[in-house]
Structure formats: structure tokens, C-alpha cells
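Structure file entry10.csv (CSV, C-alpha atoms) is printed below.
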chain,number,residue,atom,x,y,z
A,1,MET,CA,22.4,-59.7,3.7
A,2,ASN,CA,24.2,-57.0,5.6
A,3,LEU,CA,23.5,-56.0,9.2
A,4,HIS,CA,21.7,-52.7,8.2
A,5,LYS,CA,19.2,-54.6,6.1
A,6,ARG,CA,18.6,-57.2,8.9
A,7,ALA,CA,18.0,-54.4,11.4
A,8,ILE,CA,15.3,-52.9,9.1
A,9,ILE,CA,13.6,-56.2,8.7
A,10,VAL,CA,13.6,-56.8,12.5
A,11,ILE,CA,12.1,-53.4,13.1
A,12,VAL,CA,9.3,-53.8,10.5
A,13,ALA,CA,8.5,-57.3,11.9
A,14,VAL,CA,8.3,-56.1,15.5
A,15,PHE,CA,6.0,-53.1,14.9
A,16,PRO,CA,2.8,-55.2,14.4
A,17,LEU,CA,3.6,-56.9,17.7
A,18,LEU,CA,3.8,-53.5,19.4
A,19,GLY,CA,0.3,-52.5,18.1
A,20,VAL,CA,1.7,-49.9,15.8
A,21,ARG,CA,-0.6,-49.5,12.7
A,22,ALA,CA,-1.5,-47.0,10.0
A,23,GLN,CA,-4.0,-44.3,10.7
A,24,LEU,CA,-7.4,-45.0,9.1
A,25,THR,CA,-8.7,-42.6,6.4
A,26,PRO,CA,-11.8,-40.9,7.9
A,27,GLU,CA,-15.0,-41.7,6.0
A,28,ILE,CA,-17.9,-39.6,7.3
A,29,ASP,CA,-21.5,-40.1,6.4
A,30,LEU,CA,-23.5,-37.0,7.3
A,31,ILE,CA,-26.8,-38.7,6.6
A,32,ALA,CA,-26.4,-41.8,8.7
A,33,GLY,CA,-24.2,-39.9,11.3
A,34,THR,CA,-21.3,-42.3,11.1
A,35,VAL,CA,-17.5,-42.3,11.1
A,36,ASN,CA,-15.9,-45.3,9.3
A,37,GLY,CA,-19.2,-47.1,9.7
A,38,LYS,CA,-19.5,-46.4,13.5
A,39,LYS,CA,-22.4,-44.2,14.7
A,40,ILE,CA,-20.9,-40.9,16.1
A,41,ALA,CA,-23.5,-41.0,18.9
A,42,GLU,CA,-21.9,-44.2,20.1
A,43,LEU,CA,-18.2,-43.4,19.6
A,44,THR,CA,-16.1,-43.4,22.8
A,45,SER,CA,-12.7,-41.8,23.2
A,46,ASP,CA,-11.1,-45.3,23.1
A,47,GLN,CA,-12.8,-46.1,19.8
A,48,VAL,CA,-11.7,-42.7,18.3
A,49,THR,CA,-8.0,-43.3,19.3
A,50,ASP,CA,-8.3,-46.9,17.9
A,51,PHE,CA,-9.4,-45.4,14.6
A,52,PHE,CA,-7.1,-42.4,14.4
A,53,GLY,CA,-4.3,-42.9,16.9
A,54,ARG,CA,-2.8,-40.3,19.2
A,55,PRO,CA,-4.5,-36.8,19.1
A,56,SER,CA,-2.5,-33.6,18.4
A,57,ALA,CA,-4.1,-32.1,21.6
A,58,THR,CA,-6.6,-32.9,24.2
A,59,THR,CA,-8.6,-31.3,27.0
A,60,LEU,CA,-9.7,-33.1,30.1
A,61,ALA,CA,-13.3,-33.6,31.3
A,62,GLU,CA,-14.0,-31.5,34.4
A,63,LEU,CA,-16.7,-30.4,36.8
A,64,ARG,CA,-17.0,-26.6,37.2
A,65,PRO,CA,-19.0,-24.7,39.8
A,66,ASP,CA,-22.2,-22.9,38.9
A,67,ARG,CA,-23.7,-19.8,40.6
A,68,GLN,CA,-26.3,-22.0,42.5
A,69,GLY,CA,-23.6,-23.8,44.4
A,70,GLY,CA,-23.7,-26.9,42.2
A,71,HIS,CA,-21.6,-28.1,39.3
A,72,TYR,CA,-21.9,-28.6,35.6
A,73,GLY,CA,-19.8,-31.0,33.5
A,74,VAL,CA,-17.6,-30.0,30.5
A,75,GLY,CA,-16.5,-33.0,28.4
A,76,SER,CA,-13.1,-33.8,27.0
A,77,THR,CA,-12.0,-32.9,23.5
A,78,PHE,CA,-9.6,-34.7,21.1
A,79,VAL,CA,-8.0,-32.6,18.3
A,80,TYR,CA,-6.5,-34.2,15.2
A,81,GLY,CA,-4.8,-31.3,13.5
A,82,ASP,CA,-3.3,-33.5,10.7
A,83,LEU,CA,-6.7,-34.9,9.9
A,84,GLY,CA,-8.7,-31.7,10.3
A,85,LEU,CA,-11.0,-33.3,12.9
A,86,MET,CA,-12.0,-32.5,16.5
A,87,PHE,CA,-14.2,-34.7,18.7
A,88,ARG,CA,-16.0,-33.3,21.7
A,89,PHE,CA,-17.3,-35.9,24.2
A,90,SER,CA,-20.0,-35.8,26.9
A,91,HIS,CA,-19.0,-35.4,30.6
A,92,PRO,CA,-19.3,-38.7,32.6
A,93,SER,CA,-21.8,-37.0,34.9
A,94,THR,CA,-24.3,-36.9,32.0
A,95,ASP,CA,-23.1,-39.9,30.0
A,96,PRO,CA,-20.9,-42.5,31.9
A,97,GLN,CA,-19.7,-43.8,28.6
A,98,GLN,CA,-18.4,-40.3,27.6
A,99,ARG,CA,-19.6,-40.7,24.0
A,100,ALA,CA,-19.1,-38.2,21.3
A,101,GLU,CA,-21.5,-35.2,21.3
A,102,CYS,CA,-20.0,-33.2,18.5
A,103,LEU,CA,-17.7,-33.8,15.5
A,104,LEU,CA,-16.0,-30.8,13.9
A,105,ILE,CA,-14.6,-31.2,10.3
A,106,TYR,CA,-12.3,-28.5,9.2
A,107,LEU,CA,-12.3,-27.9,5.4
A,108,SER,CA,-9.8,-25.0,5.4
A,109,GLY,CA,-6.7,-24.2,7.4
A,110,GLN,CA,-8.0,-22.7,10.7
A,111,LYS,CA,-7.0,-22.5,14.4
A,112,THR,CA,-9.2,-24.3,16.9
A,113,GLU,CA,-10.7,-22.2,19.7
A,114,GLY,CA,-8.9,-22.5,23.0
A,115,ALA,CA,-6.1,-24.9,22.1
A,116,GLY,CA,-5.1,-22.8,19.0
A,117,ILE,CA,-4.1,-25.9,17.0
A,118,VAL,CA,-3.6,-25.2,13.3
A,119,MET,CA,-5.9,-27.6,11.4
A,120,THR,CA,-4.9,-29.2,8.1
A,121,PRO,CA,-7.9,-29.2,5.7
A,122,PHE,CA,-9.8,-32.5,5.9
A,123,SER,CA,-8.8,-34.9,3.1
A,124,GLY,CA,-10.9,-37.9,3.9
A,125,ILE,CA,-14.3,-38.8,2.5
A,126,ILE,CA,-17.6,-37.0,3.4
A,127,SER,CA,-21.1,-37.6,2.1
A,128,ARG,CA,-21.8,-36.6,-1.5
A,129,GLY,CA,-18.2,-35.5,-2.0
A,130,ILE,CA,-18.1,-32.4,0.2
A,131,ASN,CA,-14.8,-30.5,0.4
A,132,GLY,CA,-13.4,-27.0,0.9
A,133,ASN,CA,-14.1,-26.1,-2.8
A,134,TRP,CA,-17.8,-26.4,-2.3
A,135,LYS,CA,-19.9,-23.2,-2.1
A,136,THR,CA,-23.2,-22.7,-0.3
A,137,LYS,CA,-25.4,-23.2,-3.4
A,138,ARG,CA,-23.9,-26.6,-4.0
A,139,VAL,CA,-24.6,-27.6,-0.4
A,140,MET,CA,-28.2,-26.4,-0.7
A,141,ASP,CA,-28.6,-28.3,-4.0
A,142,ALA,CA,-26.8,-31.5,-2.9
A,143,PHE,CA,-28.9,-31.9,0.3
A,144,ALA,CA,-32.2,-30.4,-1.0
A,145,ASP,CA,-33.9,-33.6,0.2
A,146,PHE,CA,-33.2,-32.6,3.8
A,147,ALA,CA,-34.4,-29.0,3.3
A,148,PRO,CA,-31.3,-27.2,4.5
A,149,THR,CA,-31.7,-23.5,5.6
A,150,ASP,CA,-29.2,-20.7,5.3
A,151,SER,CA,-29.1,-18.4,8.3
A,152,TYR,CA,-27.2,-15.6,6.7
A,153,ASP,CA,-28.8,-12.1,6.9
A,154,PRO,CA,-26.9,-9.5,4.9
A,155,LYS,CA,-28.6,-6.6,6.7
A,156,LYS,CA,-27.7,-8.0,10.1
A,157,ALA,CA,-24.1,-8.6,8.9
A,158,GLU,CA,-23.8,-5.0,7.8
A,159,GLU,CA,-25.2,-3.8,11.2
A,160,ILE,CA,-22.4,-5.8,12.9
A,161,ARG,CA,-19.7,-4.3,10.7
A,162,ALA,CA,-21.1,-0.8,11.2
A,163,ARG,CA,-21.2,-1.3,15.0
A,164,GLU,CA,-17.6,-2.4,15.0
A,165,LYS,CA,-16.5,0.9,13.5
A,166,MET,CA,-18.6,2.8,16.1
A,167,TYR,CA,-17.1,0.7,19.0
A,168,LYS,CA,-13.6,1.3,17.7
A,169,ALA,CA,-14.2,5.0,17.7
A,170,ILE,CA,-15.0,5.0,21.5
A,171,GLY,CA,-12.4,2.4,22.4
A,172,LEU,CA,-14.5,-0.7,22.8
A,173,ARG,CA,-14.0,-4.1,21.3
A,174,GLU,CA,-16.3,-6.6,19.5
A,175,ASN,CA,-15.4,-9.9,17.9
A,176,THR,CA,-16.9,-9.1,14.5
A,177,LYS,CA,-15.4,-12.1,12.8
A,178,LEU,CA,-17.0,-14.4,15.3
A,179,LEU,CA,-20.5,-12.8,15.1
A,180,ILE,CA,-20.4,-12.9,11.3
A,181,SER,CA,-19.3,-16.6,11.4
A,182,ILE,CA,-22.4,-17.3,13.6
A,183,LEU,CA,-24.6,-15.9,10.9
A,184,ALA,CA,-22.8,-17.6,7.9
A,185,THR,CA,-24.2,-21.1,8.5
A,186,ILE,CA,-26.4,-23.6,6.8
A,187,HIS,CA,-28.4,-25.9,9.0
A,188,MET,CA,-29.7,-29.4,8.2
A,189,ASN,CA,-31.4,-32.2,10.1
A,190,THR,CA,-31.3,-35.9,9.3
A,191,PRO,CA,-33.0,-38.6,11.3
A,192,GLN,CA,-29.6,-39.3,13.0
A,193,VAL,CA,-27.8,-35.9,13.3
A,194,ARG,CA,-28.0,-32.2,13.2
A,195,VAL,CA,-25.5,-30.7,10.7
A,196,VAL,CA,-24.1,-27.2,10.6
A,197,PHE,CA,-22.1,-26.0,7.6
A,198,ASN,CA,-20.0,-22.9,8.4
A,199,TYR,CA,-18.9,-20.8,5.4
A,200,ASP,CA,-17.0,-17.6,4.6
A,201,ASP,CA,-19.5,-14.9,4.1
A,202,GLN,CA,-17.5,-13.1,1.4
A,203,THR,CA,-16.5,-16.0,-0.9
A,204,ARG,CA,-19.3,-18.4,0.3
A,205,PHE,CA,-16.8,-21.4,0.3
A,206,LEU,CA,-17.3,-23.9,3.1
A,207,GLU,CA,-14.9,-23.7,6.1
A,208,ARG,CA,-16.0,-26.4,8.5
A,209,VAL,CA,-18.9,-28.8,9.2
A,210,GLN,CA,-20.3,-29.5,12.6
A,211,VAL,CA,-22.1,-32.9,13.2
A,212,LEU,CA,-24.2,-33.2,16.4
A,213,PRO,CA,-25.6,-36.7,16.9
A,214,SER,CA,-29.1,-37.3,18.3
A,215,ARG,CA,-29.6,-39.7,21.2
A,216,SER,CA,-33.4,-39.6,21.4
A,217,GLY,CA,-34.7,-41.8,24.2
A,218,ASP,CA,-31.4,-41.9,26.0
A,219,ALA,CA,-32.2,-40.8,29.6
A,220,SER,CA,-28.6,-40.0,30.3
A,221,GLN,CA,-28.8,-37.1,27.9
A,222,SER,CA,-31.8,-35.4,29.3
A,223,LYS,CA,-31.5,-31.9,30.8
A,224,PRO,CA,-32.4,-31.0,34.3
A,225,GLU,CA,-36.1,-30.1,34.7
A,226,PRO,CA,-36.9,-30.4,30.9
A,227,VAL,CA,-39.8,-28.4,29.7
A,228,GLY,CA,-40.2,-29.7,26.1
A,229,GLU,CA,-38.8,-28.1,23.0
A,230,GLY,CA,-38.5,-24.7,21.6
A,231,HIS,CA,-39.0,-23.6,18.0
A,232,GLY,CA,-38.6,-26.4,15.5
A,233,GLY,CA,-37.6,-28.9,18.1
A,234,LYS,CA,-34.5,-26.8,19.2
A,235,ILE,CA,-33.6,-25.2,22.5
A,236,ILE,CA,-30.9,-22.8,23.6
A,237,MET,CA,-29.3,-24.7,26.5
A,238,GLY,CA,-26.6,-27.1,25.3
A,239,SER,CA,-26.7,-25.8,21.7
A,240,THR,CA,-23.7,-24.4,19.8
A,241,LYS,CA,-23.5,-20.7,18.9
A,242,ALA,CA,-24.4,-21.5,15.3
A,243,LEU,CA,-27.6,-23.3,16.4
A,244,VAL,CA,-28.6,-20.6,18.8
A,245,ALA,CA,-28.0,-18.0,16.0
A,246,GLU,CA,-30.4,-19.9,13.8
A,247,LEU,CA,-33.0,-20.2,16.6
A,248,LEU,CA,-32.7,-16.4,17.3
A,249,LYS,CA,-32.1,-15.3,13.8
A,250,ASP,CA,-34.8,-12.5,14.1
A,251,TRP,CA,-33.0,-11.0,17.2
A,252,SER,CA,-30.2,-8.5,17.1
A,253,LEU,CA,-26.9,-9.9,18.2
A,254,ARG,CA,-23.7,-8.6,19.8
A,255,GLU,CA,-20.8,-10.2,21.7
A,256,SER,CA,-19.8,-8.9,25.1
A,257,ASP,CA,-16.3,-7.4,25.6
A,258,ARG,CA,-16.0,-9.7,28.6
A,259,SER,CA,-15.7,-12.7,26.2
A,260,THR,CA,-12.5,-14.7,26.3
A,261,ALA,CA,-11.0,-17.5,24.1
A,262,SER,CA,-12.6,-20.2,26.1
A,263,LYS,CA,-15.8,-18.5,27.3
A,264,SER,CA,-18.0,-16.1,25.4
A,265,ILE,CA,-21.1,-14.1,26.2
A,266,CYS,CA,-23.6,-13.1,23.5
A,267,TYR,CA,-26.5,-10.7,23.8
A,268,TYR,CA,-29.7,-11.3,21.7
A,269,THR,CA,-32.2,-8.5,21.8
A,270,LYS,CA,-35.8,-8.1,20.8
A,271,ASP,CA,-38.7,-7.4,23.2
A,272,VAL,CA,-36.3,-8.7,26.0
A,273,SER,CA,-32.6,-9.3,26.2
A,274,ILE,CA,-31.4,-13.0,26.2
A,275,ILE,CA,-27.8,-13.3,27.4
A,276,VAL,CA,-26.2,-16.6,26.5
A,277,HIS,CA,-23.0,-17.8,28.1
A,278,TYR,CA,-20.9,-20.3,26.1
A,279,ARG,CA,-18.0,-22.5,27.0
A,280,ASN,CA,-16.3,-24.6,24.3
A,281,ASP,CA,-19.0,-23.4,21.8
A,282,GLN,CA,-21.8,-24.8,24.0
A,283,ALA,CA,-24.5,-22.8,25.8
A,284,ILE,CA,-24.1,-23.4,29.5
A,285,GLY,CA,-26.2,-20.6,30.9
A,286,VAL,CA,-28.9,-18.1,29.9
A,287,ALA,CA,-30.2,-14.9,31.5
A,288,VAL,CA,-33.3,-13.0,30.4
A,289,VAL,CA,-33.9,-9.4,31.4
A,290,ASP,CA,-36.6,-6.9,30.6
A,291,ARG,CA,-35.8,-3.7,28.6
A,292,PRO,CA,-37.1,-0.5,30.3
A,293,SER,CA,-35.3,1.6,27.7
A,294,ALA,CA,-37.5,0.1,25.1
A,295,GLY,CA,-40.6,0.4,27.2
A,296,VAL,CA,-40.6,-3.3,28.4
A,297,THR,CA,-40.6,-3.0,32.1
A,298,SER,CA,-41.7,-6.5,32.9
A,299,ILE,CA,-42.0,-10.0,31.5
A,300,SER,CA,-45.6,-11.3,31.4
A,301,GLU,CA,-46.4,-14.8,32.6
A,302,THR,CA,-47.3,-15.9,29.1
A,303,ARG,CA,-44.0,-14.5,27.7
A,304,TYR,CA,-42.1,-16.1,30.5
A,305,GLU,CA,-43.6,-19.5,29.6
A,306,GLU,CA,-42.6,-19.0,26.0
A,307,LEU,CA,-39.1,-18.1,26.8
A,308,VAL,CA,-38.6,-21.0,29.2
A,309,LYS,CA,-39.7,-23.4,26.4
A,310,LEU,CA,-37.2,-21.7,24.1
A,311,ILE,CA,-34.4,-22.0,26.6
A,312,GLY,CA,-35.2,-25.6,27.6
A,313,GLU,CA,-34.8,-25.4,31.3
A,314,ILE,CA,-37.0,-24.2,34.2
A,315,PRO,CA,-35.5,-21.6,36.5
A,316,LYS,CA,-35.5,-22.2,40.3
A,317,PRO,CA,-37.4,-19.8,42.4
A,318,SER,CA,-34.2,-18.2,43.5
A,319,GLN,CA,-33.3,-17.5,39.9
A,320,ILE,CA,-36.4,-15.3,39.3
A,321,LYS,CA,-36.4,-11.7,40.2
A,322,ARG,CA,-39.7,-9.9,40.5
A,323,ASP,CA,-41.1,-6.5,41.5
A,324,SER,CA,-44.4,-6.1,43.3
A,325,SER,CA,-46.4,-7.6,40.5
A,326,SER,CA,-44.3,-9.1,37.7
A,327,ILE,CA,-41.1,-10.8,36.5
A,328,ARG,CA,-38.2,-8.5,35.7
A,329,GLU,CA,-35.5,-11.1,35.0
A,330,PHE,CA,-34.6,-14.8,35.4
A,331,SER,CA,-31.7,-17.1,34.6
A,332,VAL,CA,-30.7,-20.8,34.3
A,333,GLY,CA,-27.3,-22.6,34.3
A,334,ASP,CA,-24.0,-20.9,34.7
A,335,THR,CA,-24.2,-17.2,34.1
A,336,ASP,CA,-21.2,-16.0,36.1
Could the structure of this file be written out as C-alpha cells, please?
Amino acid sequence: MNLHKRAIIVIVAVFPLLGVRAQLTPEIDLIAGTVNGKKIAELTSDQVTDFFGRPSATTLAELRPDRQGGHYGVGSTFVYGDLGLMFRFSHPSTDPQQRAECLLIYLSGQKTEGAGIVMTPFSGIISRGINGNWKTKRVMDAFADFAPTDSYDPKKAEEIRAREKMYKAIGLRENTKLLISILATIHMNTPQVRVVFNYDDQTRFLERVQVLPSRSGDASQSKPEPVGEGHGGKIIMGSTKALVAELLKDWSLRESDRSTASKSICYYTKDVSIIVHYRNDQAIGVAVVDRPSAGVTSISETRYEELVKLIGEIPKPSQIKRDSSSIREFSVGDTD
């Protein structure tokens, strides 16, 4: 045996001693809410790296100031570009174990928000054989036992495209692609997770899947001053853009030209305007204002209570603006 072959044998023999091992093939069960048999709701960053090795990119957990002089936590993210996966974890201030609060599965080649990592289409195993060749009808049929709902509204999509042309004519900007992607979603609830399927509104092929685990009964996940639940058990605060779009699907929608890659602001308008501030695709603040131009010059106490339940958090007295007899606007969370 020559020296070259001996060297190869020595290297191969030493690798197991150094803890080097093959990356596991991801197996994701959308019904049970598991990755490789482990519940997503219980996955820590250590367990994710034990499964899949070193991430392509990460962001650190951090505390950021809010407008009330306090702070809110933004959890870390681990991106696996070669696997088509991104994990978002809870901040230690709300969950000391920093467990996963969202799993994103990319089924087509896309760039992640913020980090701009190009994602390889996911090639592992997902419940019922889902892949990027599935269209929306197949999703609706395959998961009919969980009553999925499609949030797409062709009329609203057309309004967004028409508004883009109008804005361009006067030199303003609107992220039409983002707004359409918020509409082009299918939503499904299982006992363990909420699932959002994002698709291309022209071809109706799936583009990515969002999995948001439920931790009912976990006190560490409760929101400050909770007020119960909004429509269908959903609230705005803490939800993704896609879930808020489903919740407010009967409201008109536009994105602010103050939005950036990491933080976006969306306006939802009906009898009042709800202004939702997002960071890393999560609602971190909500402002509600009346609409004098539409004849709504105040917010009644009954309507205020309904909106607070929808938002999921009670404003502090300093966050409510009134005139001599009624509420004009209010806010919660970070709306700076």
C-alpha cells in the first residue's frame, strides 16, 4: 500500500472521531408538525445544527427599543440555502429555550428576505409528496380533510396592479410583487401547526411552505395583556404577512413606500385604517386611525373593542388618542 492510499485511510478513519458526519435528509410532516420525527415547536438551534450542520447564514437574536421606552425581542434565524430551509427561533425574553417558531420550506429558487441567500429548491420529503411541481388544486384536494382556504382575490390583485401603474406615473413606488404574494396563499390548520402555502399567482405552482407550530398552554409564549382571539382564533400581533392578509382579506391593501428589506409597513383599509409594521415577516406593531375622508371621524367604543380583539393586545392609555368625546386613533407594539 503506497503512502497516498494510507493517508486517505487515516483521514477517513479520523473524521468520525472529529464529529464530522453526513447531513440528514429533511423529512417534514406537516400534519404532526415534525422535522425528522422531532416536533418543530420543541426544536432548539442546537438540535437544528445537529440535524443539518452549519447554516449558510444566520442572524442573531436581539432586543430592539419600542416607542414606549421598552424593548421587544427578535429571534435568531438559521438559513440552509443548499437544503431550501430557513428556521426562525423565539427570542430568549419570550422563550428561554429559543425554540423554533417558524419553518420556511422553499420549493423554488428564491432569495431570502434580508440576507438575500439564494435557496436551492427543497429536495427532501414533505407530507403527501408535496414538491414544487404541485399546483394549488392539488394542495386543496390532498389536504381536503383539513379544510384549507385559498386567500387569492383576483379583483384585489388587479386593483394592486392598476395602482402600481398609477403610482409609477406620479413617481411613487409600491412593492406589487410582495402584495400579490401575500394574496396568493393557501392556509390550513392542523392540531399541531398552522401551514401557509405560497404560490405563483400566474402559474399557480407552489413556491414555499410556512409552518408555524402551536404551543398552546405554554405560558412563555403568551402576549402582553392578552385579550383573547380574533376571527377564527387568529390575531394580528405576531402573525406573518400571509396570515394577516387572510385575516383582513376583505380590506383593501397597499404597502408603504417607507418599507425596507428588513422592515415593511402595510395599510389595510375599510371603515378604519389598520397600519401593520412587520419585521422579519412578523407583525411587531399595529396602529388604527379613523378615516375623516370616508366620513369616519371617530372609533366607537364597540368598534374599539372589536379591533382590540382582532389585534390581540390592549393599548396603554398613552397609546390612545381621543378628542372631546371619542377615540380617534390607537396603537400597540413598535410602530416607529
query: Using only C-alpha atoms, which residue out of A:Ile31, A:Ile180, A:Phe197, A:Val118 lies closest to Phe146 (chain A)?
result: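 Distance minimum relative to Phe146 (chain A) lands on A:Ile31.
With all atoms listed in the file as the atoms that count, the residue of A:Ser151, A:Ser214, A:Ser318, A:Thr240 with the shortest distance to Ser331 (chain A) is A:Ser318.
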For Leu179 (chain A): contacts at 9 Å, only C-alpha atoms, fewer than 4 positions along chain excluded, given as a JSON list (two decimals) with C-alpha atoms, in the frame of the given file:
[["chain", "number", "residue", "atom", "x", "y", "z"],
["A", 157, "ALA", "CA", -24.10, -8.60, 8.90],
["A", 160, "ILE", "CA", -22.40, -5.80, 12.90],
["A", 174, "GLU", "CA", -16.30, -6.60, 19.50],
["A", 175, "ASN", "CA", -15.40, -9.90, 17.90],
["A", 183, "LEU", "CA", -24.60, -15.90, 10.90],
["A", 184, "ALA", "CA", -22.80, -17.60, 7.90],
["A", 253, "LEU", "CA", -26.90, -9.90, 18.20],
["A", 254, "ARG", "CA", -23.70, -8.60, 19.80],
["A", 255, "GLU", "CA", -20.80, -10.20, 21.70],
["A", 266, "CYS", "CA", -23.60, -13.10, 23.50]]
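Of the listed residues (A:Thr335, A:Val244, A:Lys234, A:Leu60), A:Lys234 comes nearest to Lys309 (chain A); the distances count only C-alpha atoms.
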Within 12 Å of (-6.1, -35.9, 20.9), in the coordinates the file gives, what residues turn up when you count only C-alpha atoms, written out as an mmCIF file with C-alpha atoms, in the frame of the given file?
data_model
loop_
_atom_site.group_PDB
_atom_site.id
_atom_site.type_symbol
_atom_site.label_atom_id
_atom_site.label_comp_id
_atom_site.auth_asym_id
_atom_site.auth_seq_id
_atom_site.Cartn_x
_atom_site.Cartn_y
_atom_site.Cartn_z
ATOM 1 C CA SER A 45 -12.700 -41.800 23.200
ATOM 2 C CA ASP A 46 -11.100 -45.300 23.100
ATOM 3 C CA VAL A 48 -11.700 -42.700 18.300
ATOM 4 C CA THR A 49 -8.000 -43.300 19.300
ATOM 5 C CA ASP A 50 -8.300 -46.900 17.900
ATOM 6 C CA PHE A 51 -9.400 -45.400 14.600
ATOM 7 C CA PHE A 52 -7.100 -42.400 14.400
ATOM 8 C CA GLY A 53 -4.300 -42.900 16.900
ATOM 9 C CA ARG A 54 -2.800 -40.300 19.200
ATOM 10 C CA PRO A 55 -4.500 -36.800 19.100
ATOM 11 C CA SER A 56 -2.500 -33.600 18.400
ATOM 12 C CA ALA A 57 -4.100 -32.100 21.600
ATOM 13 C CA THR A 58 -6.600 -32.900 24.200
ATOM 14 C CA THR A 59 -8.600 -31.300 27.000
ATOM 15 C CA LEU A 60 -9.700 -33.100 30.100
ATOM 16 C CA SER A 76 -13.100 -33.800 27.000
ATOM 17 C CA THR A 77 -12.000 -32.900 23.500
ATOM 18 C CA PHE A 78 -9.600 -34.700 21.100
ATOM 19 C CA VAL A 79 -8.000 -32.600 18.300
ATOM 20 C CA TYR A 80 -6.500 -34.200 15.200
ATOM 21 C CA GLY A 81 -4.800 -31.300 13.500
ATOM 22 C CA ASP A 82 -3.300 -33.500 10.700
ATOM 23 C CA LEU A 83 -6.700 -34.900 9.900
ATOM 24 C CA GLY A 84 -8.700 -31.700 10.300
ATOM 25 C CA LEU A 85 -11.000 -33.300 12.900
ATOM 26 C CA MET A 86 -12.000 -32.500 16.500
ATOM 27 C CA PHE A 87 -14.200 -34.700 18.700
ATOM 28 C CA ARG A 88 -16.000 -33.300 21.700
ATOM 29 C CA PHE A 89 -17.300 -35.900 24.200
ATOM 30 C CA ALA A 115 -6.100 -24.900 22.100
ATOM 31 C CA ILE A 117 -4.100 -25.900 17.000
#
- prompt: Which one is closest to Gly129 (chain A): A:Asp201, A:Glu27, A:Asp336, A:Asp153? Count only C-alpha atoms.
  reply: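 Among A:Asp201, A:Glu27, A:Asp336, A:Asp153, it is A:Glu27 that comes nearest to Gly129 (chain A).
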message: I need the residue nearest Thr149 (chain A) from this list: A:Glu301, A:Asp334, A:Asp271, A:Glu246. Use all atoms listed in the file for the distance.
response: A:Glu246
message: So the first atom is CA of Ser93 (chain A) and the second is CA of Glu62 (chain A); what is the distance between them in Å, to one decimal place?
response: 9.6 Å
task: Have a look at CA of Glu329 (chain A) and CA of Leu247 (chain A) and let me know their distance in Å, one decimal.
output: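 Separating CA of Glu329 (chain A) from CA of Leu247 (chain A) is a distance of 20.7 Å.
The space between CA of Arg208 (chain A) and CA of Ile105 (chain A) spans 5.3 Å.
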- request: Please identify all polymer residues within 8 Å of Thr44 (chain A), counting only C-alpha atoms, omitting same-chain residues fewer than 5 positions from it, and present them as JSON, numbers by chain.
  value: {"A": [89, 97, 98, 99, 100]}
query: Which of these, A:Asn198, A:Ser181, A:Gln210, A:Gln282, has the shortest distance to Ser239 (chain A) once you count only C-alpha atoms?
result: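 For Ser239 (chain A), the nearest of the candidates is A:Gln282.
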Contacts between region 188-191 of chain A and region 56-174 of chain A, please, where a residue of region 56-174 of chain A counts if it comes within 10 Å (with all atoms listed in the file); show its shortest atom pair and distance in Å to one decimal, rows by chain and ascending number, as a tab-separated table.
residue	atom	partner	partner_atom	distance
A:Met140	CA	A:Met188	CA	9.5
A:Phe143	CA	A:Met188	CA	8.3
A:Ala144	CA	A:Met188	CA	9.6
A:Asp145	CA	A:Thr190	CA	9.7
A:Phe146	CA	A:Met188	CA	6.5
A:Ala147	CA	A:Met188	CA	6.8
A:Pro148	CA	A:Met188	CA	4.6
A:Thr149	CA	A:Met188	CA	6.8
A:Asp150	CA	A:Met188	CA	9.2
- prompt: Neighbours of Ile311 (chain A) within 6 Å (only C-alpha atoms; same-chain residues fewer than 4 positions away dropped), as a list in words?
  reply: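 Listed by chain and then number, they are Ile235, Ile236 and Met237 of chain A.
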